[in-house]
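Trainee: Quick one: this structure, given as structure tokens, is what I'll be asking you about.
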Amino acid sequence: MISWPVARAAAREKLRSPAILVVGACFVSAAALGGRAGAPGDTFGGFGVAFLLVLTLALGAGLLSDELDSGHAQLVLLRPLTRAAWLGGRLAGAGVALAAVTAAAWAAAAVASLGSGHALPLSALALLPLAVLWAFAWLSVLTALGAILPGWTNAGALVVAAIAWATLRTTLPALLGHPEWAAAAAELSKYLGPQDPLGLAFDRHALGPALYDACWVFFAWLVAALLFNRRELARRRP
Amino acid sequence: MTGALPALEAAGLRKVYRARGGGQVVAVDGLSFAVRPGEVVGLLGPNGAGKTTAMQLALALLEPDAGEVRLFGRDPELLEVRRRVGYAPDAPLFPRRLTGLQILALHGELLGFRRVAARDRAERFAEQVGVAEPARRPAGTYSRGQAQRLGLALALLGDPDLVLLDEPTAGLDPAGVAAMRELLVSLRGRGAAVLLNSHLLSEVERVCDRVLFIKEGRLLRTHDVRAGGRRAEVRLANAAQVSARLAEKIPGGALEGDRFRVPVASEDVVPALVRELVAAGAEILEVRLGGAELEQLYLQIVEGRA
């Protein structure tokens with residue numbers, strides 16, 4: 001399911017990208033500022049979560065198409081390797097880069113928090129894997145979109161879809177004269193993408209979102225593999 | 001048993017590209033050919049003839065609309081079949097931030113070598129194709145020739161039994177072209193089958209056993225390069241003065257303008273021929289092996305010129 005040589009190469013490539021490094025540095029700085037304020041949850045709240053999302057988009061944009069457009073994917077896929085394993089490797093590599101930057105942000109927050117004389121509650125430790133899981137689930141969505149969309153349009157399509165849905169969800173019920181639909185639309189929203197599992201760090205009974213995200217990762221990878229298996233690999237067309 | 005099978009066998013391949021506006025281009029149309037172990041086969045044709053598409057169909061990178069490809073008698077998508085195939089595309093691009101050695105090592109691992117062995121192999125192949133030093137830099141900094149050489153190293157990394165090379169000499173300097181020629185000869189020597197797409201007619205004639213002329217996706221003709229022997233072409237400074245003596249001393253040759261063309265069995269006999277010409281009083285400006293005949297054939301078959 002995962003080619004680890006491909007994953008290592010993808011992680012290396014992503015962690016050397018100037019765009020990823022800039023977003024990562026902003027994320028780490030925002031997390032350190034949140035940590036100084038004393039609330040460990042702020043590592044992945046406010047600016048922190050915004051940078052985590054931007055980082056996820058930057059890692060997922062063109063995750064497959066960069067390789068396909070250059071023709072390197074075709075060479076890799078001529079090796080004894082299934083398409084699903086290549087896809088799993090690319091996703092895992094981007095996930096490793098995501099985890100590395102997120103861990104750096106978390107560590108920066110923890111050090112800043114301790115340095116400011118605040119105690120670091122045990123629950124703060126759980127924030128790191130939960131945040132990575134949530135972002136990784138979004139990364140899986142980007143991978144599934146990238147299996148059919150060219151270039152960096154997978155990230156663009158996701159952003160446009162999210163904005164479109166947010167707009168519809170808030171305006172459509174009122175426009176149609178059914179304001180009571182807003183609550184149903186908000187409830188539906190939770191199931192249209194990965195769920196925020198960070199509450200689990202503070203509420204031991206909130207396992208649902210974390211499990212939902214884990215399933216989301218698997219099914220997104222499965223959809224990506226199914227879509228990608230139907231694609232022709234040659235890069236040149238007249 | 002496997003040795004008796006063609007390394008590559010294509011039967012009735014057809015590929016149509018559909019444009020968004022509704023138009024369509026028939027890239028390959030009923031193409032059938034085979035490449036046997038120990039054979040170097042050239043694909044010749046004008047731009048857009050369908051040579052690259054034919055290679056991509058052979059590798060299952062494209063889905064044919066009709067026809068079938070077998071590699072070593074088996075489905076080209078089987079993983080154990082892919083282990084035996086090497087492919088160097090035209091103008092390859094690589095992950096910009098990885099070094100050539102990292103890319104080679106990645107492919108080594110995918111071929112089943114352990115990490116350390118893959119790294120050693122990467123260094124060896126980088127050196128073999130002349131990119132030992134650039135291979136330590138990120139691939140984004142490579143010139144076209146260096147990228148071409150890295151692509152070649154990738155194609156050869158697994159000691160493949162079938163190698164498909166798409167314009168491998170494009171972007172290479174003369175030393176690179178000469179090294180490529182030696183490489184093709186060594187591949188043939190160890191029994192590998194090679195399908196070569198190149199516009200360098202002289203190179204094709206020197207290294208290929210057979211040439212497939214393709215135009216508009218169709219196979220026009222197969223030319224057996226070895227069956228007709230080769231031809232040496234000698235440019236002379238004093239052709240007019242020595243024409244009678246040449247006709248007498250070398251009766252198989254023909255003088256056209258300042259060029260004297262002689263069929264030769266192999267390149268080994270060229271030094272003797274040169275000595276014979278000098279003895280006959282010829283002042284030699286240039287000696288070329290092959291090229292002219294294939295060029296004539298190409299113009300005749302592909303361009304339809306008399």
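Just remember, in the structure tokens the first chain shown is A, the second B, etc., residues are 1-based per chain, and ligands are 1-based in the order shown.
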Go through stretch 60-229 of chain A and collect every residue that DSSP, computed from the backbone, puts in helix (DSSP H, G or I); the answer should be as a PyMOL selection string.
Mentor: chain A and resi 60+65-70+72-76+83-115+123-146+153-175+181-189+198-201+207-229
Trainee: For chain A, report every residue with an atom at most 12 Å from chain B (counting only C-alpha atoms), formatted as a ChimeraX atom specification.
Mentor: /A:2-18,63-83,85-86,89,229-238
Trainee: With C-alpha atoms retained, export the selected residues as a CSV table (one decimal), in the first residue's frame.
Mentor:
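Once written, out12.csv looks like this:
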chain,number,residue,atom,x,y,z
A,2,ILE,CA,2.9,2.3,0.6
A,3,SER,CA,6.3,2.5,-1.2
A,4,TRP,CA,8.7,3.7,1.5
A,5,PRO,CA,11.5,4.7,-1.0
A,6,VAL,CA,8.9,6.9,-2.8
A,7,ALA,CA,7.7,8.3,0.6
A,8,ARG,CA,11.3,9.1,1.6
A,9,ALA,CA,11.9,10.9,-1.7
A,10,ALA,CA,8.6,12.8,-1.5
A,11,ALA,CA,9.3,13.9,2.1
A,12,ARG,CA,12.9,15.0,1.2
A,13,GLU,CA,11.5,17.0,-1.8
A,14,LYS,CA,8.8,18.7,0.2
A,15,LEU,CA,11.0,19.6,3.1
A,16,ARG,CA,13.4,21.3,0.6
A,17,SER,CA,10.7,23.4,-1.0
A,18,PRO,CA,11.1,27.1,-0.2
A,63,LEU,CA,1.5,16.2,-4.9
A,64,LEU,CA,0.9,13.8,-7.8
A,65,SER,CA,0.8,16.1,-10.8
A,66,ASP,CA,4.2,17.6,-10.2
A,67,GLU,CA,5.6,14.1,-10.8
A,68,LEU,CA,3.2,13.2,-13.6
A,69,ASP,CA,3.8,16.5,-15.5
A,70,SER,CA,7.5,16.1,-15.3
A,71,GLY,CA,7.4,12.6,-16.6
A,72,HIS,CA,9.3,11.2,-13.5
A,73,ALA,CA,6.1,9.4,-12.3
A,74,GLN,CA,6.0,7.5,-15.6
A,75,LEU,CA,9.6,6.3,-15.0
A,76,VAL,CA,8.9,5.3,-11.4
A,77,LEU,CA,5.7,3.5,-12.4
A,78,LEU,CA,7.7,1.4,-15.0
A,79,ARG,CA,9.4,-0.1,-12.0
A,80,PRO,CA,7.9,-3.1,-10.2
A,81,LEU,CA,5.6,-1.0,-8.2
A,82,THR,CA,1.8,-0.7,-8.2
A,83,ARG,CA,0.1,2.7,-8.8
A,85,ALA,CA,1.8,1.9,-3.7
A,86,TRP,CA,3.3,4.9,-5.5
A,89,GLY,CA,4.2,6.7,-0.9
A,229,ASN,CA,-5.7,3.4,-11.9
A,230,ARG,CA,-8.0,4.6,-14.7
A,231,ARG,CA,-5.6,7.2,-15.9
A,232,GLU,CA,-3.2,7.1,-18.8
A,233,LEU,CA,0.3,7.9,-17.7
A,234,ALA,CA,2.0,9.3,-20.8
A,235,ARG,CA,2.5,13.0,-20.4
A,236,ARG,CA,2.6,14.0,-24.0
A,237,ARG,CA,-0.5,14.7,-26.1
A,238,PRO,CA,-0.7,16.4,-29.5
Trainee: If I take atom CA of B:Arg70 and atom CA of B:Glu9, how far is one from the other in Å, to one decimal?
Mentor: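 Atom CA of B:Glu9 lies at a distance of 5.2 Å from atom CA of B:Arg70.
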Trainee: So how many Å separate atom CA of A:Gly93 and atom CA of A:Cys26, to one decimal?
Mentor: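 Between these atoms lies a distance of 21.2 Å.
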Trainee: Which residues, written as an NGL selection string, have at least one atom at most 7 Å from stretch 283-299 of chain B, with only C-alpha atoms counted and residues fewer than 5 positions away on the same chain left out?
Mentor: :B and (201-202 or 205-206 or 230-238 or 278 or 304-305)
Trainee: Taking only C-alpha atoms into account, name the residue in B:Val269, B:Ile250, B:Ala58, B:Val177 that is nearest to B:Leu71.
Mentor: B:Ala58
Trainee: May I have the residues within 12 Å of B:Gln300 as an MDAnalysis selection string, using only C-alpha atoms and disregarding those fewer than 6 positions away in the same chain?
Mentor: chainID B and resid 45 213 220:221 293:294 306
Trainee: Write out as a list in words the residues lying within 10 Å of A:Ala103, counting only C-alpha atoms and excluding same-chain residues fewer than 2 positions away.
Mentor: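 Answer for this query is Val28, Ala97, Leu98, Ala99, Ala100, Val101, Ala105, Trp106, Ala107, Ala108, Ala109, Leu128, Pro129, Ala131 and Val132 of chain A.
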Trainee: If you count only C-alpha atoms, which residues fall within 9 Å of A:Trp138, apart from same-chain ones fewer than 6 positions away, as a ChimeraX atom specification?
Mentor: /A:53,56-57,60,193-194,213,216-217
Trainee: Give me the residues within 9 Å of B:Arg218 as a list in words, counting only C-alpha atoms and dropping any in the same chain fewer than 2 places off.
Mentor: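 Answer for this query is Ala27, Val28, Asp29, Gly30, Leu31, Ser32, Ala49, Gly50, Phe213, Ile214, Lys215, Glu216 and Leu220 of chain B.
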Trainee: Keeping N, CA and C atoms, export the residues of the selection given above as a tab-separated table (two decimals), in the first residue's frame.
Mentor:
chain	number	residue	atom	x	y	z
B	27	ALA	N	-2.64	8.71	-34.07
B	27	ALA	CA	-1.19	8.76	-33.82
B	27	ALA	C	-0.52	7.48	-34.28
B	28	VAL	N	-1.16	6.35	-34.04
B	28	VAL	CA	-0.62	5.06	-34.44
B	28	VAL	C	-1.76	4.26	-35.07
B	29	ASP	N	-1.48	3.65	-36.21
B	29	ASP	CA	-2.58	3.03	-36.95
B	29	ASP	C	-2.17	1.64	-37.46
B	30	GLY	N	-2.56	0.63	-36.75
B	30	GLY	CA	-2.30	-0.75	-37.18
B	30	GLY	C	-0.83	-1.12	-37.20
B	31	LEU	N	-0.10	-0.66	-36.21
B	31	LEU	CA	1.35	-0.88	-36.18
B	31	LEU	C	1.69	-2.24	-35.57
B	32	SER	N	2.47	-3.01	-36.30
B	32	SER	CA	2.92	-4.32	-35.79
B	32	SER	C	4.43	-4.42	-35.98
B	49	ALA	N	5.20	11.29	-36.40
B	49	ALA	CA	4.92	10.03	-37.10
B	49	ALA	C	4.30	8.99	-36.18
B	50	GLY	N	4.42	9.19	-34.87
B	50	GLY	CA	3.85	8.23	-33.92
B	50	GLY	C	4.90	7.36	-33.25
B	213	PHE	N	10.53	2.16	-40.80
B	213	PHE	CA	10.14	3.49	-41.29
B	213	PHE	C	8.67	3.71	-40.98
B	214	ILE	N	8.38	4.76	-40.26
B	214	ILE	CA	7.00	5.02	-39.84
B	214	ILE	C	6.57	6.40	-40.29
B	215	LYS	N	5.35	6.49	-40.75
B	215	LYS	CA	4.78	7.79	-41.11
B	215	LYS	C	3.28	7.75	-40.84
B	216	GLU	N	2.79	8.82	-40.26
B	216	GLU	CA	1.36	8.92	-39.91
B	216	GLU	C	0.87	7.68	-39.17
B	220	LEU	N	5.73	1.84	-42.80
B	220	LEU	CA	5.84	1.89	-44.26
B	220	LEU	C	6.72	0.75	-44.77
Trainee: Report as a ChimeraX atom specification: the residues of stretch 73-275 of chain B with a DSSP assignment of strand (DSSP E or B), based on the backbone of this structure.
Mentor: /B:74,85-88,99,138,162-166,193-197,210-215,218-224,230-236,254-256,259-264
